[in-house]
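For reference, the structure is listed below as structure tokens.
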Amino acid sequence: MIQALSTLTTKDGNTVLVEGFYDNVAPPSQEDLELIEKLEKTFDEETVKKEMKVERFINDMHGKEALLKYLYSPTLNIDGIWSGYTGPGTKTVLPHKITVKVDVRLVPNMTVDEVIPKIRRHLDKHGFKEIKIVQLEEGYGWAKTSIREPAAQAVLKTYREFGYEPEIWPHMAGSAPFCMFNREPLNLPFVMGGIGHGGRAHAPNEYIVISEGGPTGGLTTLEKSYVAILDNMAKMLPAKT
């Protein structure tokens, strides 16, 4: 299994070697590039490095190059590996099974249906047909909403009404089932925003600021911003007859 895993990426782990893995990766649109140009001016590399506890980004990238790599490159991650006897003392019996959890984070225009068969063919081609792939979740595709959509414009307008100039990202680099909203049957725009502050998502010390003393307020301000977003969006949407 360890040998099989080593065939999936280059030695530094930064490039996936599965044949066709990058075939459907869409380049940034003109709208994306315009946003990246503005984002580069406010992107605080040193703060990000400090939070991630790293000295440098992959290939020592900076600025626009680092942002493009971060936002438009899919990943293949090993989440966990377990096998054999791990209890106290010794037990010199060879394990008969090893399990590995792996995730792939998709970018436009990749799909779940294409990625798993490509990994299967890669393993078979390298002589690892005995490895069984079990899809633990249905998986979800990429999702994206144009900044020109009323939903996005309503969020931007709300930030400015509250006295903040927002930092706009074309999309986030993480994964979540946002596609449930902007694909069939709903086909709704989806945007993330709101005034307030939280951090360390998914960590044991994840937090959200409750009191109003901070620079972006607390729960009361957050709730007010949601109301303002909905109000602004209602005013921007065309009236139905």
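In the structure tokens, the first chain shown is A, the next is B, and so on; residue numbers restart at 1 for each chain, and ligands run from 1 in the order shown.
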Original post:
Can you list, as a list of chain:residue names, every protein, DNA or RNA residue that comes within 6 Å of Asn109 (chain A) when you count only C-alpha atoms, leaving out same-chain residues fewer than 2 positions away?
Top reply: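 Within the cut-off, the hits are A:Asn24, A:Val25, A:Ala26.
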I'd like a table as JSON lines: residues in region 69-180 of chain A with an atom no more than 12 Å from region 49-64 of chain A, each row giving the shortest atom pair and its distance in Å to one decimal, only C-alpha atoms counted, sorted by chain and rising residue number.
{"residue": "A:Lys69", "atom": "CA", "partner": "A:Lys64", "partner_atom": "CA", "distance": 8.6}
{"residue": "A:Tyr70", "atom": "CA", "partner": "A:Ile58", "partner_atom": "CA", "distance": 9.6}
{"residue": "A:Leu71", "atom": "CA", "partner": "A:Lys64", "partner_atom": "CA", "distance": 10.5}
{"residue": "A:Tyr72", "atom": "CA", "partner": "A:Lys64", "partner_atom": "CA", "distance": 11.8}
**OP:** Please give the complete set of residues from region 136-214 of chain A that DSSP, run on the backbone, assigns to strand (DSSP E), formatted as a VMD selection string.
**Re:** chain A and resid 198 to 199 207 to 208
Original post:
Suppose you want the space between CA of Ala154 (chain A) and CA of Asn232 (chain A); what is it in Å?
Top reply: 5.1 Å
Subject >> Atomic distance CA of Ala151 (chain A) - CA of Tyr226 (chain A), expressed in Å with one decimal >> reply: 11.8 Å
Original post:
Do you know which residues are at most 12 Å from Arg121 (chain A) counting only C-alpha atoms, after dropping those on the same chain fewer than 2 positions away, and could you put them as a ChimeraX atom specification?
Top reply: /A:8,17-21,114-119,123-129,131-133
Original post:
Which one of A:Ile208, A:Pro238, A:Leu186, A:Thr90 sits closest to Glu149 (chain A) if you count only C-alpha atoms?
Top reply: A:Pro238
**OP:** Find the spatial neighbours of His96 (chain A), counting only C-alpha atoms, within a cut-off of 12 Å - ignore same-chain residues fewer than 4 positions away - and output them as a list in words.
**Re:** Met1, Trp82, Ser83, Gly84 and Tyr85 of chain A
N, CA and C atoms of the current selection, written as a PDB file, in the first residue's frame:
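The result, stored in result-v9.pdb:
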ATOM      1  N   MET A   1       0.824  -1.206   0.000  1.00  0.00           N
ATOM      2  CA  MET A   1       0.000   0.000   0.000  1.00  0.00           C
ATOM      3  C   MET A   1       0.865   1.265   0.000  1.00  0.00           C
ATOM      4  N   TRP A  82      -3.941   3.191   8.784  1.00  0.00           N
ATOM      5  CA  TRP A  82      -3.840   2.327   9.957  1.00  0.00           C
ATOM      6  C   TRP A  82      -3.794   0.861   9.542  1.00  0.00           C
ATOM      7  N   SER A  83      -3.042   0.081  10.321  1.00  0.00           N
ATOM      8  CA  SER A  83      -2.886  -1.348  10.031  1.00  0.00           C
ATOM      9  C   SER A  83      -2.115  -2.017  11.165  1.00  0.00           C
ATOM     10  N   GLY A  84      -2.279  -3.322  11.254  1.00  0.00           N
ATOM     11  CA  GLY A  84      -1.451  -4.106  12.153  1.00  0.00           C
ATOM     12  C   GLY A  84      -1.765  -3.912  13.626  1.00  0.00           C
ATOM     13  N   TYR A  85      -0.964  -4.520  14.446  1.00  0.00           N
ATOM     14  CA  TYR A  85      -1.128  -4.474  15.899  1.00  0.00           C
ATOM     15  C   TYR A  85      -0.448  -3.233  16.456  1.00  0.00           C
TER      16      TYR A  85
END
**OP:** From a DSSP pass on the backbone, collect the residues of region 64-161 of chain A flagged as helix (DSSP H, G or I) and hand them back as a ChimeraX atom specification.
**Re:** /A:64-72,112-125,150-161
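Closest approach to Thr9 (chain A) among A:Thr75, A:Asn182, A:Ser175, A:Thr86: A:Thr75, based on only C-alpha atoms.
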Subject >> Given only C-alpha atoms as the counted atoms, nearest of A:Ala203, A:Ala143, A:Met233, A:Val112 to Phe181 (chain A) >> reply: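 Looking at the shortest contact to Phe181 (chain A), the residue is A:Ala143.
Note that the spacing between CA of Glu138 (chain A) and CA of Val100 (chain A) amounts to 17.7 Å.
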Original post:
From the list A:Ile81, A:Gln153, A:Met236, A:Ala66, which residue is nearest Ile98 (chain A) when using only C-alpha atoms?
Top reply: A:Ile81
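Look at Gly141 (chain A): the protein and nucleic acid residues within 7 Å of it, using only C-alpha atoms and passing over chain neighbours fewer than 4 places away, are Leu106, Thr111, Val112 and Cys179 of chain A.
Using only C-alpha atoms, the contacts of region 157-163 of chain A at a cut-off of 8 Å, with sequence neighbours closer than 5 positions omitted, comprise Gly194, Ile195, Ser225, Ala228, Ile229 and Asn232 of chain A.
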